[in-house]
Every structure is written in C-alpha cells, then in structure tokens.
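Undergrad: What follows is coords-v7.cif, mmCIF, C-alpha atoms.
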```cif
data_run
#
loop_
_atom_site.label_atom_id
_atom_site.label_comp_id
_atom_site.auth_asym_id
_atom_site.auth_seq_id
_atom_site.Cartn_x
_atom_site.Cartn_y
_atom_site.Cartn_z
CA MET A 1 121.14 18.84 -79.29
CA ARG A 2 122.87 15.73 -78.11
CA LEU A 3 125.47 16.50 -75.52
CA GLN A 4 127.19 13.18 -76.07
CA ALA A 5 128.38 14.37 -79.48
CA LEU A 6 130.24 17.28 -77.86
CA LEU A 7 131.62 15.15 -75.05
CA SER A 8 132.96 12.53 -77.43
CA GLU A 9 134.87 15.25 -79.28
CA GLY A 10 136.57 16.10 -76.00
CA ALA A 11 134.74 19.36 -75.30
CA ASN A 12 134.04 20.48 -71.75
CA VAL A 13 130.32 21.13 -71.69
CA VAL A 14 128.28 23.34 -69.40
CA VAL A 15 124.49 23.35 -69.82
CA VAL A 16 122.59 26.56 -69.17
CA THR A 17 118.88 26.26 -68.44
CA ARG A 18 116.17 28.60 -67.27
CA PRO A 19 115.17 28.27 -63.59
CA GLU A 20 111.63 27.25 -64.58
CA SER A 21 112.89 24.56 -66.97
CA SER A 22 113.12 20.90 -66.02
CA SER A 23 115.39 19.92 -68.92
CA GLY A 24 118.56 20.32 -66.86
CA LYS A 25 117.46 17.41 -64.69
CA SER A 26 117.71 14.96 -67.57
CA VAL A 27 121.34 15.83 -68.32
CA ALA A 28 123.82 13.02 -67.70
CA THR A 29 125.65 13.12 -64.40
CA GLY A 30 129.06 14.72 -64.55
CA ILE A 31 127.90 17.59 -66.76
CA LYS A 32 127.69 20.92 -65.04
CA VAL A 33 124.23 22.50 -65.23
CA ILE A 34 123.74 26.20 -64.45
CA SER A 35 120.32 27.68 -63.96
CA VAL A 36 120.08 31.36 -64.95
CA ALA A 37 117.21 33.64 -65.93
CA PHE A 38 117.89 34.47 -69.59
CA ALA A 39 116.93 38.11 -69.18
CA ASP A 40 119.61 38.51 -66.48
CA VAL A 41 122.46 39.40 -68.85
CA PRO A 42 125.06 40.23 -66.12
CA ALA A 43 124.41 36.86 -64.40
CA LEU A 44 124.66 35.00 -67.72
CA ALA A 45 127.86 36.83 -68.63
CA ALA A 46 129.34 36.04 -65.21
CA ALA A 47 128.46 32.36 -65.66
CA PHE A 48 130.10 32.28 -69.12
CA LYS A 49 133.22 33.98 -67.73
CA GLU A 50 133.49 31.83 -64.64
CA ASN A 51 133.41 28.69 -66.80
CA LYS A 52 135.82 30.15 -69.40
CA ILE A 53 133.29 29.54 -72.17
CA GLU A 54 134.69 29.82 -75.70
CA VAL A 55 131.70 28.64 -77.75
CA VAL A 56 127.98 29.14 -77.08
CA ILE A 57 125.55 26.83 -78.87
CA SER A 58 122.02 28.15 -78.63
CA THR A 59 119.21 25.64 -79.10
CA ILE A 60 116.58 28.06 -77.83
CA GLY A 61 113.06 27.11 -78.93
CA HIS A 62 111.13 29.09 -81.51
CA THR A 63 108.78 30.72 -79.02
CA ALA A 64 111.77 32.16 -77.15
CA LEU A 65 113.66 33.44 -80.23
CA PRO A 66 113.09 37.11 -79.28
CA ASN A 67 115.06 36.41 -76.05
CA GLN A 68 118.12 35.15 -77.88
CA LYS A 69 119.48 38.70 -77.85
CA PHE A 70 120.15 38.34 -74.10
CA LEU A 71 122.37 35.34 -74.78
CA GLY A 72 124.22 37.23 -77.51
CA ASP A 73 124.79 40.24 -75.25
CA ALA A 74 126.01 38.07 -72.37
CA ALA A 75 128.35 36.09 -74.66
CA LYS A 76 129.81 39.30 -76.07
CA GLN A 77 130.37 40.74 -72.58
CA ALA A 78 132.04 37.51 -71.45
CA GLY A 79 134.44 37.45 -74.39
CA VAL A 80 132.98 34.30 -75.99
CA GLN A 81 134.77 33.55 -79.28
CA LEU A 82 131.99 31.92 -81.27
CA PHE A 83 128.20 31.95 -81.03
CA LEU A 84 126.07 29.35 -82.80
CA PRO A 85 122.57 30.85 -82.90
CA SER A 86 119.48 28.68 -82.87
CA GLU A 87 119.12 27.99 -86.58
CA PHE A 88 119.19 24.26 -87.30
CA GLY A 89 116.34 24.59 -89.78
CA TYR A 90 115.69 26.19 -93.15
CA SER A 91 118.08 28.50 -94.90
CA THR A 92 117.05 31.83 -93.37
CA ILE A 93 119.25 34.29 -95.26
CA GLY A 94 117.06 36.97 -96.84
CA GLN A 95 114.01 36.01 -94.79
CA THR A 96 112.22 38.98 -93.28
CA GLU A 97 109.03 37.60 -91.80
CA GLY A 98 107.99 35.29 -89.01
CA GLU A 99 110.26 32.91 -87.17
CA LEU A 100 112.77 32.65 -90.01
CA GLY A 101 112.92 36.45 -90.14
CA LEU A 102 113.71 36.56 -86.40
CA LYS A 103 116.63 34.18 -86.97
CA THR A 104 118.02 36.37 -89.73
CA GLN A 105 117.58 39.53 -87.65
CA PHE A 106 119.53 37.88 -84.85
CA GLY A 107 122.30 36.92 -87.31
CA GLU A 108 122.51 40.61 -88.27
CA TYR A 109 122.55 41.58 -84.61
CA LEU A 110 125.56 39.33 -83.92
CA LYS A 111 127.37 41.07 -86.78
CA GLU A 112 126.46 44.47 -85.34
CA ILE A 113 127.87 43.70 -81.89
CA GLY A 114 130.94 42.06 -83.42
CA LEU A 115 130.42 38.59 -81.99
CA PRO A 116 131.69 35.89 -84.39
CA PHE A 117 128.94 33.45 -85.35
CA ALA A 118 128.39 30.23 -87.26
CA ARG A 119 124.92 29.49 -88.65
CA ILE A 120 124.04 25.90 -89.55
CA PHE A 121 121.17 25.12 -91.91
CA VAL A 122 119.80 21.61 -91.87
CA SER A 123 116.30 22.15 -93.28
CA TRP A 124 114.01 19.38 -92.09
CA VAL A 125 114.94 17.29 -89.13
CA SER A 126 114.11 13.68 -89.90
CA LEU A 127 113.17 12.87 -86.37
CA PHE A 128 113.37 14.55 -83.00
CA TYR A 129 114.38 12.23 -80.22
CA VAL A 130 112.96 12.33 -76.73
CA MET B 1 137.66 23.81 -75.83
CA ASN B 2 135.02 24.89 -73.34
CA CYS B 3 131.51 24.89 -74.74
CA THR B 4 128.22 25.87 -73.33
CA GLU B 5 124.90 24.79 -74.61
CA VAL B 6 121.55 26.38 -74.09
CA ILE B 7 118.58 24.11 -73.79
CA GLN B 8 115.04 25.32 -74.09
CA THR B 9 112.38 22.73 -73.49
CA GLY B 10 109.98 22.24 -76.31
CA GLY B 11 107.74 19.49 -77.53
CA PHE B 12 110.06 16.75 -78.65
CA ILE B 13 108.25 14.99 -81.43
CA SER B 14 108.78 12.79 -84.42
CA TYR B 15 108.90 15.40 -87.11
CA ILE B 16 108.29 13.62 -90.40
CA PRO B 17 105.30 11.79 -88.93
CA TYR B 18 104.03 15.25 -87.93
CA LEU B 19 104.71 16.71 -91.37
CA THR B 20 102.96 13.89 -93.20
CA SER B 21 100.04 13.52 -90.72
CA ILE B 22 100.81 9.79 -90.70
CA ASP B 23 98.63 9.28 -87.62
CA SER B 24 95.62 9.76 -89.91
CA GLY B 25 96.56 6.59 -91.79
CA LYS B 26 97.32 8.71 -94.87
CA ILE B 27 100.07 10.99 -96.11
CA ARG B 28 98.37 14.40 -96.28
CA ILE B 29 99.88 16.94 -98.68
CA SER B 30 98.97 20.60 -99.11
CA GLY B 31 100.31 23.43 -101.24
CA GLY B 32 101.37 21.41 -104.29
CA LYS B 33 101.81 17.98 -105.84
CA GLY B 34 104.39 16.91 -103.31
CA ASP B 35 107.10 16.38 -105.90
CA ALA B 36 109.47 19.22 -104.91
CA LYS B 37 112.51 18.02 -103.02
CA ALA B 38 113.60 19.37 -99.63
CA SER B 39 116.54 18.62 -97.33
CA PHE B 40 116.08 16.27 -94.38
CA THR B 41 118.72 15.71 -91.70
CA ASP B 42 118.89 13.43 -88.69
CA PRO B 43 119.29 15.17 -85.31
CA THR B 44 122.22 12.98 -84.30
CA ASP B 45 123.99 14.09 -87.48
CA ILE B 46 123.18 17.73 -86.68
CA ALA B 47 124.59 17.35 -83.17
CA GLY B 48 127.59 15.39 -84.43
CA PHE B 49 128.37 17.91 -87.17
CA THR B 50 128.06 20.82 -84.75
CA ALA B 51 130.34 19.13 -82.22
CA TYR B 52 132.83 18.16 -84.92
CA ILE B 53 133.20 21.59 -86.49
CA VAL B 54 133.49 23.53 -83.23
CA THR B 55 136.25 21.18 -82.06
CA HIS B 56 138.13 20.64 -85.34
CA LEU B 57 137.84 23.77 -87.47
CA SER B 58 139.97 26.83 -86.85
CA PRO B 59 138.38 30.08 -85.60
CA SER B 60 138.80 31.63 -89.06
CA GLU B 61 137.02 28.67 -90.66
CA LEU B 62 134.13 29.10 -88.24
CA SER B 63 133.74 32.84 -87.71
CA ASN B 64 130.79 34.42 -89.48
CA LYS B 65 130.22 31.36 -91.64
CA ILE B 66 127.05 29.67 -92.83
CA PHE B 67 126.94 25.88 -92.93
CA ARG B 68 124.47 24.03 -95.16
CA ILE B 69 124.19 20.34 -94.40
CA GLU B 70 121.81 17.65 -95.63
CA GLY B 71 121.16 14.01 -94.79
CA GLU B 72 118.89 13.30 -97.75
CA ARG B 73 116.98 15.28 -100.37
CA ALA B 74 113.45 13.96 -100.80
CA SER B 75 109.96 15.07 -101.79
CA LEU B 76 106.81 14.36 -99.81
CA LEU B 77 105.88 11.82 -102.50
CA ASP B 78 109.30 10.17 -102.07
CA ILE B 79 108.54 9.85 -98.36
CA ALA B 80 105.06 8.47 -99.16
CA GLY B 81 106.87 5.88 -101.30
CA TYR B 82 108.99 4.88 -98.29
CA TYR B 83 105.88 4.18 -96.26
CA GLY B 84 104.55 2.04 -99.14
CA PRO B 85 101.15 1.46 -100.77
CA LYS B 86 99.39 0.78 -97.47
CA VAL B 87 99.54 4.50 -96.73
CA PRO B 88 97.63 6.44 -99.43
CA VAL B 89 98.34 10.06 -100.35
CA GLU B 90 95.55 12.56 -99.77
CA TYR B 91 95.67 16.16 -101.03
CA VAL B 92 94.15 18.76 -98.75
CA ASN B 93 93.70 22.52 -99.14
CA GLU B 94 95.12 23.33 -95.74
CA PHE B 95 95.68 21.97 -92.26
CA GLU B 96 94.03 23.05 -89.06
CA ASP B 97 97.58 23.64 -87.87
CA GLU B 98 98.63 26.81 -89.72
CA PHE B 99 102.31 26.13 -89.15
CA LYS B 100 102.00 22.81 -90.94
CA THR B 101 100.26 24.52 -93.87
CA PHE B 102 103.14 27.03 -94.01
CA LEU B 103 105.71 24.22 -93.96
CA HIS B 104 103.97 22.37 -96.78
CA GLN B 105 103.89 25.54 -98.89
CA LEU B 106 107.61 26.01 -98.28
CA VAL B 107 108.55 22.42 -99.11
CA ASN B 108 106.22 22.18 -102.12
CA SER B 109 107.50 25.40 -103.65
CA GLY B 110 111.07 24.08 -103.65
CA LYS B 111 112.23 26.37 -100.82
CA GLY B 112 112.92 23.61 -98.34
CA THR B 113 116.53 22.89 -99.24
CA THR B 114 119.44 24.17 -97.17
CA GLY B 115 120.91 25.93 -100.20
CA TYR B 116 117.77 27.88 -101.13
CA ASP B 117 118.26 31.63 -101.00
CA PHE B 118 115.18 33.65 -100.15
CA ALA B 119 116.84 36.92 -101.15
CA SER B 120 117.47 35.91 -104.77
CA GLY B 121 114.76 33.24 -105.01
CA LYS B 122 117.31 30.76 -106.30
CA GLU B 123 119.16 27.64 -105.30
CA LEU B 124 122.73 28.60 -104.42
CA THR B 125 125.76 26.89 -105.93
CA GLY B 126 129.39 26.07 -105.07
CA SER B 127 130.28 26.23 -101.39
CA ASP B 128 126.77 27.57 -100.64
CA ALA B 129 124.98 24.72 -102.41
CA THR B 130 122.57 22.46 -100.55
CA GLY B 131 124.59 20.04 -98.42
CA ALA B 132 127.92 21.62 -99.46
CA SER B 133 129.11 21.68 -95.82
CA ASN B 134 128.74 17.89 -95.42
CA VAL B 135 132.34 17.43 -96.63
CA LEU B 136 133.65 19.34 -93.61
CA TRP B 137 132.99 16.19 -91.55
CA PRO B 138 135.21 13.73 -93.43
CA GLY B 139 134.32 10.06 -93.50
CA HIS B 140 130.92 10.56 -91.87
CA HIS B 141 127.94 8.52 -93.03
CA TRP B 142 124.93 10.86 -93.18
CA LYS B 143 121.74 9.05 -92.28
CA GLY B 144 118.80 8.96 -94.69
CA ILE B 145 115.08 9.06 -93.96
CA LYS B 146 114.38 5.32 -94.27
CA GLU B 147 117.25 4.52 -91.95
CA VAL B 148 116.14 7.02 -89.31
CA LEU B 149 112.44 6.18 -89.39
CA GLY B 150 113.08 2.44 -89.69
CA LEU B 151 111.08 2.06 -92.93
#
```
Go through the file and emit its structure as structure tokens.
TA:
Amino acid sequence: MRLQALLSEGANVVVVTRPESSSGKSVATGIKVISVAFADVPALAAAFKENKIEVVISTIGHTALPNQKFLGDAAKQAGVQLFLPSEFGYSTIGQTEGELGLKTQFGEYLKEIGLPFARIFVSWVSLFYV
Amino acid sequence: MNCTEVIQTGGFISYIPYLTSIDSGKIRISGGKGDAKASFTDPTDIAGFTAYIVTHLSPSELSNKIFRIEGERASLLDIAGYYGPKVPVEYVNEFEDEFKTFLHQLVNSGKGTTGYDFASGKELTGSDATGASNVLWPGHHWKGIKEVLGL
C-alpha cells in the first residue's frame, strides 16, 4: 500500500510493523512507525488509542492471515471506527477454502464483534512495486 | 482523519510477469484456453482508491461495505497479445508452483473478476458488478495493463 496516497488526501498516518520486520525502515521520514508484536492485543490496542486511530488498513500478507484476528480485536478494544481487512484480491464472498476462505471468515468475524469494515476487491494486481 | 496502516513484508514482485511465466520467453497458460477475462488493477490505483474513500466517504457509506474495483478486464490471451508475436503462447497441464496452477484455474474459469460471486457461481450485477465501485473516485483515470507494464 502506498502511504503517499493517504498522505496526499490529508490523512495522518501511523505505520504499525512487527518487531522482526524491516519494512518500517523504508517508510518516508516524518511518518510515525510503531513496532508491536501482533499477538500482543493490549499493546496494539494501546497504540491505536494513543494515536487516536479512526481507520485501520490491514495489508497483512497471506501467510499471516490467521493473525489478522489480533488486529481486529485490538481495533475493536481501541474504539476504531472502520477496519479495512487485507483483501485487495479476488472477490472472496462465499469462499470457504484456503486463503480466500480465511479472508471471508475474517469478514464474518468483524461482523460478529461489531467492528465496521470495508472490503475492497481488486482481483489481479497488474504489478507490485518494490 | 487518523489512519493506521499495517505492513507485512512479503515478496514484492511483478505479478503479471509471474502469472504468465514471461521469464521463460513464452506465455504459459494452464487450466483453459486463456480466453476468459479477469480483472486487473494497478497497485497505485488500489492505494489511491483506498485513501480516497476513507477520507471522502461518510462512515455510513463505508461501514460494512464491499468495494469492487477494476483497472482493466483482460484474458491471458489478451495479455499475450500485448506482449506481441515475439512471445509465443504455450499450454501446460500444470505449474511446479501449485499456487500459480490454482490462479490459472480461477482466471480461466471466469472467476477472476471482482464481481464474481462464489456463493451463487454467477457474475453479480448493479452496484455489485465488476468494477462498479470505480465511480466512487470521480474523475480518476484507472490505469490499464499496457500502461502499467510499459508494453
């Protein structure tokens, strides 16, 4: 996800990365980067609260999809108003198996916990940039 | 509006070149003729759309909504056409990479559009149709495959 797009719309952006990740280092200067273990829901929730986060955009990779629940729980606890789960691929409604099934299950989970969501389907990405 | 974004590192790669196995010097297709059309969208458009809607739409327009966007609808043979006659098409039974085989089956069975509904097995219509959410970003030029790949 390109942060510049959010910044140019006037959003205040905070990047959350895992402690073992190096991706936070490549973020442009001036953007706040927080390093939190994703399984540490209270720490994540505290970070969301402290930064008065209204919208969470999850671009979690497919291998980590099972962990997305932690982000949802933390966002709910912190009073986040909108959660954009890591979709950004095929239409996943009605999918039950594999990675697409995990995305749909998570969509159902957000409904269950009463956290408003927006799911964006884009199908194939023409090109991923470095 | 305060936003947070979660970044998970992954292999950042050129995706259509991966899908078509272009490194082999051929366009390799599995799971069908390659004539079924799927949706393709540029990542800058995905990021731009996401940023636009979360900053311009009202909470009620965003909450519990599904957005189906699309840069271009094309088949694998359309994409082969973009690369031109120097890159021949080769049909294969499967790929060593199982995920690629799965993706080819999905695209070649017409399930690769953003408006395809797995529950009913049909292409949705109206506000759920493929690319129906593009209009929510007024005046935006959605990039096509040739433009993005420089073909």
Undergrad: Which residues come within 12 Å of stretch 43-51 of chain A, counting all atoms listed in the file, excluding same-chain residues fewer than 5 positions away, as number ranges by chain?
TA: A: 12-18, 32-38, 56, 69-81; B: 1-6
Undergrad: For stretch 103-113 of chain B, please output as a list in words all residues within 8 Å (counting all atoms listed in the file; exclusion window: fewer than 6 positions along the same chain).
TA: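 Counting only the stated atoms, we get Tyr90, Ser91, Ser123 and Trp124 of chain A; Leu19, Ile29, Ser30, Gly31, Gly32, Lys33, Gly34, Asp35, Ala36, Lys37, Ala38, Ser39, Arg73, Ser75 and Thr130 of chain B.
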Undergrad: Kindly resolve the PyMOL selection byres ((chain A) within 8 of (chain B)) on the present coordinates and return the residues as a PDB file with C-alpha atoms, keeping the file's coordinate frame.
TA:
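Ended up saving to expr_24.pdb:
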```pdb
ATOM      1  CA  MET A   1     121.140  18.840 -79.290  1.00  0.00           C
ATOM      2  CA  ARG A   2     122.870  15.730 -78.110  1.00  0.00           C
ATOM      3  CA  LEU A   3     125.470  16.500 -75.520  1.00  0.00           C
ATOM      4  CA  ALA A   5     128.380  14.370 -79.480  1.00  0.00           C
ATOM      5  CA  LEU A   6     130.240  17.280 -77.860  1.00  0.00           C
ATOM      6  CA  GLU A   9     134.870  15.250 -79.280  1.00  0.00           C
ATOM      7  CA  GLY A  10     136.570  16.100 -76.000  1.00  0.00           C
ATOM      8  CA  ALA A  11     134.740  19.360 -75.300  1.00  0.00           C
ATOM      9  CA  ASN A  12     134.040  20.480 -71.750  1.00  0.00           C
ATOM     10  CA  VAL A  13     130.320  21.130 -71.690  1.00  0.00           C
ATOM     11  CA  VAL A  14     128.280  23.340 -69.400  1.00  0.00           C
ATOM     12  CA  VAL A  15     124.490  23.350 -69.820  1.00  0.00           C
ATOM     13  CA  VAL A  16     122.590  26.560 -69.170  1.00  0.00           C
ATOM     14  CA  THR A  17     118.880  26.260 -68.440  1.00  0.00           C
ATOM     15  CA  ARG A  18     116.170  28.600 -67.270  1.00  0.00           C
ATOM     16  CA  SER A  21     112.890  24.560 -66.970  1.00  0.00           C
ATOM     17  CA  SER A  22     113.120  20.900 -66.020  1.00  0.00           C
ATOM     18  CA  SER A  23     115.390  19.920 -68.920  1.00  0.00           C
ATOM     19  CA  GLY A  24     118.560  20.320 -66.860  1.00  0.00           C
ATOM     20  CA  PHE A  48     130.100  32.280 -69.120  1.00  0.00           C
ATOM     21  CA  ASN A  51     133.410  28.690 -66.800  1.00  0.00           C
ATOM     22  CA  LYS A  52     135.820  30.150 -69.400  1.00  0.00           C
ATOM     23  CA  ILE A  53     133.290  29.540 -72.170  1.00  0.00           C
ATOM     24  CA  GLU A  54     134.690  29.820 -75.700  1.00  0.00           C
ATOM     25  CA  VAL A  55     131.700  28.640 -77.750  1.00  0.00           C
ATOM     26  CA  VAL A  56     127.980  29.140 -77.080  1.00  0.00           C
ATOM     27  CA  ILE A  57     125.550  26.830 -78.870  1.00  0.00           C
ATOM     28  CA  SER A  58     122.020  28.150 -78.630  1.00  0.00           C
ATOM     29  CA  THR A  59     119.210  25.640 -79.100  1.00  0.00           C
ATOM     30  CA  ILE A  60     116.580  28.060 -77.830  1.00  0.00           C
ATOM     31  CA  GLY A  61     113.060  27.110 -78.930  1.00  0.00           C
ATOM     32  CA  LEU A  82     131.990  31.920 -81.270  1.00  0.00           C
ATOM     33  CA  PHE A  88     119.190  24.260 -87.300  1.00  0.00           C
ATOM     34  CA  TYR A  90     115.690  26.190 -93.150  1.00  0.00           C
ATOM     35  CA  SER A  91     118.080  28.500 -94.900  1.00  0.00           C
ATOM     36  CA  THR A  92     117.050  31.830 -93.370  1.00  0.00           C
ATOM     37  CA  ILE A  93     119.250  34.290 -95.260  1.00  0.00           C
ATOM     38  CA  GLY A  94     117.060  36.970 -96.840  1.00  0.00           C
ATOM     39  CA  GLN A  95     114.010  36.010 -94.790  1.00  0.00           C
ATOM     40  CA  LYS A 111     127.370  41.070 -86.780  1.00  0.00           C
ATOM     41  CA  PRO A 116     131.690  35.890 -84.390  1.00  0.00           C
ATOM     42  CA  PHE A 117     128.940  33.450 -85.350  1.00  0.00           C
ATOM     43  CA  ALA A 118     128.390  30.230 -87.260  1.00  0.00           C
ATOM     44  CA  ARG A 119     124.920  29.490 -88.650  1.00  0.00           C
ATOM     45  CA  ILE A 120     124.040  25.900 -89.550  1.00  0.00           C
ATOM     46  CA  PHE A 121     121.170  25.120 -91.910  1.00  0.00           C
ATOM     47  CA  VAL A 122     119.800  21.610 -91.870  1.00  0.00           C
ATOM     48  CA  SER A 123     116.300  22.150 -93.280  1.00  0.00           C
ATOM     49  CA  TRP A 124     114.010  19.380 -92.090  1.00  0.00           C
ATOM     50  CA  VAL A 125     114.940  17.290 -89.130  1.00  0.00           C
ATOM     51  CA  SER A 126     114.110  13.680 -89.900  1.00  0.00           C
ATOM     52  CA  LEU A 127     113.170  12.870 -86.370  1.00  0.00           C
ATOM     53  CA  PHE A 128     113.370  14.550 -83.000  1.00  0.00           C
ATOM     54  CA  TYR A 129     114.380  12.230 -80.220  1.00  0.00           C
ATOM     55  CA  VAL A 130     112.960  12.330 -76.730  1.00  0.00           C
TER      56      VAL A 130
END
```
Undergrad: When you draw a straight line from atom CA of B:Val87 to atom CA of B:Gly25, how long is it in Å?
TA: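 So the answer is 6.1 Å.
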Undergrad: Rounded to one decimal in Å, what is the spacing between atom CA of A:Val41 and atom CA of A:Thr104?
TA: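 Computing the Euclidean distance for atom CA of A:Val41 and atom CA of A:Thr104 yields 21.6 Å.
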Undergrad: What is the distance between atom CA of B:Ala80 and atom CA of B:Ile27, in Å to one decimal?
TA: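 One can read the atom CA of B:Ala80 to atom CA of B:Ile27 distance as 6.4 Å.
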Undergrad: Put the listed atoms of stretch 81-92 of chain B in a box along x, y and z with 4 Å added on every side and give me the centre and edge lengths in Å to one decimal, as AutoDock Vina command-line options.
TA:
```
--center_x 101.6 --center_y 9.8 --center_z -98.8 --size_x 22.8 --size_y 26.0 --size_z 13.0
```
Undergrad: Around (117.7, 41.9, -91.9), as given in the file, which residues come within 10 Å? Count all atoms listed in the file and list them as an mmCIF file with C-alpha atoms, in the frame of the given file.
TA:
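Just written: part.cif:
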```cif
data_model
loop_
_atom_site.group_PDB
_atom_site.id
_atom_site.type_symbol
_atom_site.label_atom_id
_atom_site.label_comp_id
_atom_site.auth_asym_id
_atom_site.auth_seq_id
_atom_site.Cartn_x
_atom_site.Cartn_y
_atom_site.Cartn_z
ATOM 1 C CA ILE A 93 119.250 34.290 -95.260
ATOM 2 C CA GLY A 94 117.060 36.970 -96.840
ATOM 3 C CA GLN A 95 114.010 36.010 -94.790
ATOM 4 C CA THR A 96 112.220 38.980 -93.280
ATOM 5 C CA GLU A 97 109.030 37.600 -91.800
ATOM 6 C CA GLY A 101 112.920 36.450 -90.140
ATOM 7 C CA LEU A 102 113.710 36.560 -86.400
ATOM 8 C CA LYS A 103 116.630 34.180 -86.970
ATOM 9 C CA THR A 104 118.020 36.370 -89.730
ATOM 10 C CA GLN A 105 117.580 39.530 -87.650
ATOM 11 C CA PHE A 106 119.530 37.880 -84.850
ATOM 12 C CA GLY A 107 122.300 36.920 -87.310
ATOM 13 C CA GLU A 108 122.510 40.610 -88.270
ATOM 14 C CA TYR A 109 122.550 41.580 -84.610
#
```
